[in-house]
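With mmCIF, C-alpha atoms inside, this is final.cif:
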data_final
loop_
_atom_site.label_atom_id
_atom_site.label_comp_id
_atom_site.auth_asym_id
_atom_site.auth_seq_id
_atom_site.Cartn_x
_atom_site.Cartn_y
_atom_site.Cartn_z
CA MET A 41 -23.03 16.43 -58.91
CA ARG A 42 -21.25 15.22 -55.79
CA CYS A 43 -22.32 12.17 -53.83
CA ARG A 44 -23.83 13.10 -50.46
CA PHE A 45 -23.12 9.65 -49.10
CA ARG A 46 -19.39 10.30 -49.37
CA ASN A 47 -19.72 13.48 -47.26
CA ILE A 48 -21.68 11.58 -44.61
CA ILE A 49 -18.89 9.01 -44.32
CA TRP A 50 -16.28 11.76 -43.81
CA VAL A 51 -18.44 13.50 -41.20
CA ALA A 52 -19.07 10.22 -39.36
CA ALA A 53 -15.35 9.38 -39.43
CA ALA A 54 -14.48 12.85 -38.11
CA LEU A 55 -17.03 12.49 -35.28
CA LEU A 56 -15.65 9.05 -34.40
CA ILE A 57 -12.06 10.35 -34.31
CA ALA A 58 -13.10 13.35 -32.20
CA GLN A 59 -14.87 11.00 -29.77
CA ALA A 60 -11.77 8.77 -29.53
CA LEU A 61 -9.46 11.72 -28.94
CA SER A 62 -11.65 13.02 -26.13
CA GLY A 63 -11.04 9.85 -24.11
CA CYS A 64 -10.78 9.79 -20.34
CA VAL A 65 -7.52 9.40 -18.41
CA SER A 66 -7.77 8.84 -14.67
CA LEU A 67 -5.02 8.67 -12.04
CA GLN A 68 -5.84 7.75 -8.45
CA ILE A 69 -3.25 7.66 -5.67
CA GLU A 70 -4.18 6.02 -2.38
CA LYS A 71 -2.47 6.12 0.99
CA ALA A 72 -3.80 4.39 4.11
CA GLN A 73 -2.37 3.66 7.54
CA GLU A 74 -3.46 1.06 10.06
CA GLY A 75 -2.19 1.04 13.63
CA ALA A 76 -0.33 3.50 15.80
CA ASP A 77 3.22 4.70 15.17
CA VAL A 78 5.85 2.16 16.21
CA LEU A 79 8.83 3.74 17.91
CA ALA A 80 12.31 2.22 18.09
CA PRO A 81 12.98 0.54 21.44
CA PRO A 82 15.01 2.80 23.74
CA ASP A 83 18.54 1.82 24.74
CA THR A 84 17.30 1.24 28.29
CA PHE A 85 15.57 -1.98 27.17
CA ILE A 86 18.21 -4.59 27.97
CA GLN A 87 17.84 -8.32 27.39
CA LYS A 88 17.46 -10.44 30.55
CA LYS A 89 16.89 -7.30 32.68
CA THR A 90 13.87 -5.42 31.32
CA THR A 91 10.47 -6.61 32.57
CA LEU A 92 7.10 -6.87 30.87
CA GLU A 93 5.71 -4.02 32.99
CA GLU A 94 8.45 -1.62 31.83
CA ILE A 95 7.77 -2.34 28.16
CA LEU A 96 3.99 -2.09 28.53
CA SER A 97 4.30 1.23 30.38
CA CYS A 98 6.55 2.63 27.63
CA SER A 99 4.96 1.14 24.50
CA GLY A 100 1.32 0.64 25.50
CA ALA A 101 -0.93 -2.19 24.37
CA PRO A 102 0.51 -4.46 21.65
CA THR A 103 -1.08 -5.25 18.30
CA ASP A 104 -0.73 -9.01 18.88
CA ILE A 105 0.28 -11.35 21.69
CA VAL A 106 1.81 -14.61 20.47
CA ASP A 107 2.19 -17.75 22.59
CA MET A 108 5.49 -19.53 21.86
CA ASN A 109 5.52 -22.69 24.02
CA ASP A 110 7.24 -21.52 27.26
CA ASP A 111 7.83 -17.97 25.96
CA PHE A 112 5.48 -15.31 24.59
CA ALA A 113 5.90 -12.31 22.32
CA LEU A 114 4.39 -8.83 22.10
CA HIS A 115 4.08 -7.59 18.54
CA TYR A 116 3.64 -3.89 17.73
CA ARG A 117 2.85 -3.18 14.07
CA ARG A 118 1.89 -0.25 11.84
CA THR A 119 0.84 -0.94 8.25
CA LEU A 120 1.25 1.64 5.50
CA ASP A 121 -0.59 0.92 2.25
CA ARG A 122 0.20 2.91 -0.87
CA GLY A 123 -1.45 2.27 -4.17
CA MET A 124 -1.94 3.77 -7.58
CA ASN A 125 -4.58 3.19 -10.24
CA VAL A 126 -4.28 4.41 -13.81
CA SER A 127 -7.10 3.99 -16.30
CA ILE A 128 -7.45 5.13 -19.88
CA GLY A 129 -10.77 4.84 -21.62
CA ILE A 130 -12.35 5.91 -24.85
CA PRO A 131 -16.02 6.64 -24.20
CA LEU A 132 -17.64 5.03 -27.20
CA LYS A 133 -20.57 3.66 -25.23
CA TYR A 134 -23.12 5.30 -27.49
CA VAL A 135 -21.35 4.42 -30.74
CA LEU A 136 -20.11 0.90 -29.97
CA MET A 137 -21.33 -1.17 -27.07
CA PRO A 138 -17.95 -2.31 -25.71
CA SER A 139 -15.95 0.80 -24.83
CA PRO A 140 -12.20 0.18 -25.19
CA SER A 141 -10.27 0.81 -21.98
CA MET A 142 -7.06 -0.12 -20.15
CA LYS A 143 -6.41 -0.18 -16.41
CA ALA A 144 -3.28 -0.70 -14.33
CA THR A 145 -3.26 -1.12 -10.55
CA GLY A 146 -0.41 -1.44 -8.06
CA ASN A 147 -0.35 -1.72 -4.27
CA LEU A 148 2.51 -1.75 -1.81
CA LEU A 149 2.19 -2.71 1.86
CA ARG A 150 4.99 -1.79 4.25
CA TYR A 151 5.28 -2.43 7.96
CA ASP A 152 6.94 -0.78 10.93
CA THR A 153 7.23 -3.50 13.53
CA VAL A 154 8.85 -4.28 16.85
CA VAL A 155 8.69 -7.68 18.55
CA PHE A 156 9.56 -8.28 22.20
CA ILE A 157 10.04 -11.91 23.24
CA PHE A 158 9.67 -12.70 26.95
CA THR A 159 10.31 -15.68 29.15
CA ALA A 160 7.41 -17.16 31.13
CA ASP A 161 8.57 -15.03 34.11
CA GLY A 162 8.02 -11.79 32.13
CA VAL A 163 11.70 -10.93 31.52
CA LEU A 164 12.83 -9.69 28.10
CA LYS A 165 14.58 -12.47 26.17
CA ASN A 166 15.01 -10.87 22.74
CA MET A 167 13.72 -7.99 20.61
CA LYS A 168 13.67 -7.07 16.93
CA TYR A 169 12.82 -3.75 15.27
CA GLU A 170 12.20 -2.96 11.59
CA LYS A 171 11.12 0.38 10.13
CA GLY A 172 9.83 -0.66 6.71
CA THR A 173 8.29 2.71 5.90
CA SER A 174 11.68 4.44 5.93
CA ARG A 175 12.59 3.04 2.50
CA SER A 176 11.78 4.97 -0.67
CA LEU A 177 8.53 4.10 -2.40
CA TRP A 178 10.14 3.77 -5.84
CA GLU A 179 12.95 1.52 -4.58
CA ASP A 180 10.37 -0.90 -3.16
CA TYR A 181 8.37 -0.92 -6.40
CA TRP A 182 11.36 -1.83 -8.55
CA GLU A 183 13.28 -4.24 -6.28
#

Just give me the structure of the file as structure tokens.
Amino acid sequence: MRCRFRNIIWVAAALLIAQALSGCVSLQIEKAQEGADVLAPPDTFIQKKTTLEEILSCSGAPTDIVDMNDDFALHYRRTLDRGMNVSIGIPLKYVLMPSPSMKATGNLLRYDTVVFIFTADGVLKNMKYEKGTSRSLWEDYWE
């Protein structure tokens, strides 16, 4: 006569393995943008000649205005946020209280920005432009 207890152990082990193999894998990709598109300054913007009114009429309202002693700066910025979440879980909540799981999260913020620096008289003193979103996503992750 065979032992029934031995069969119950094999059935319980098979159910536990089946539960573990039916685990949950989740991948979530996020992409968010804050601010309006930032365009490269046209070639007509010349230092010591272009006025504040010309830049405001072309570029619109800035994101920030920064006071720099005698000078001031207009800052136009667009933020691009990309992220990814990966989670792997084995739903053993009803068999064991703590369900084993792993989670990995990564976020990358990139900026398109242009800064115009003016004298107190409202004449363009200097400008800088950077298009951070033009670079490849994978290059930024691994650099």

Residues of stretch 59-101 of chain A at most 6 Å from stretch 112-133 of chain A: nearest atom pair and distance in Å, all atoms listed in the file, as CSV:
residue,atom,partner,partner_atom,distance
A:Ala60,CA,A:Ile130,CA,5.5
A:Gly63,CA,A:Ile130,CA,4.2
A:Cys64,CA,A:Gly129,CA,5.1
A:Val65,CA,A:Ile128,CA,4.5
A:Ser66,CA,A:Ser127,CA,5.2
A:Leu67,CA,A:Val126,CA,4.7
A:Gln68,CA,A:Asn125,CA,5.1
A:Ile69,CA,A:Met124,CA,4.5
A:Glu70,CA,A:Gly123,CA,5.0
A:Lys71,CA,A:Arg122,CA,4.6
A:Ala72,CA,A:Asp121,CA,5.1
A:Gln73,CA,A:Leu120,CA,4.6
A:Glu74,CA,A:Thr119,CA,5.1
A:Gly75,CA,A:Arg118,CA,4.6
A:Ala76,CA,A:Arg118,CA,5.9

What do you get, as a PyMOL selection string, if you spell out every residue that the PyMOL selection byres ((chain A and resi 98) around 12) selects here? chain A and resi 78-82+84-85+90-97+99-102

Item checked: Atom-to-atom span, atom CA of A:Lys168 and atom CA of A:Phe156, Å ->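 So the answer is 6.8 Å.
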
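What the PyMOL selection byres ((chain A and resi 108) around 10) picks from this file is Ile105, Val106, Asp107, Asn109, Asp110, Asp111, Phe112, Ala113, Ile157, Phe158, Thr159 and Ala160 of chain A.
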
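Atom CA of A:Leu148 is found 29.0 Å from atom CA of A:Asn166.
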
Practice task
May I ask for the distance between atom CA of A:Thr103 and atom CA of A:Val155, given in Å to one decimal place?
Solution key: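 Value for the atom CA of A:Thr103-atom CA of A:Val155 distance: 10.1 Å.
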
task: Pick out the closest residue to A:Ser174 from this set: A:Asp161, A:Ile86, A:Ile57, A:Thr153. Count only C-alpha atoms.
output: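 Between A:Asp161, A:Ile86, A:Ile57, A:Thr153, the residue approaching A:Ser174 most closely is A:Thr153.
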
With all atoms of stretch 91-97 of chain A from the file as input, state the centre and edge lengths in Å to one decimal of the axis-aligned box that has 4 Å extra on each side, as JSON.
{"center_x": 7.2, "center_y": -2.8, "center_z": 30.6, "size_x": 14.5, "size_y": 16.1, "size_z": 12.8}
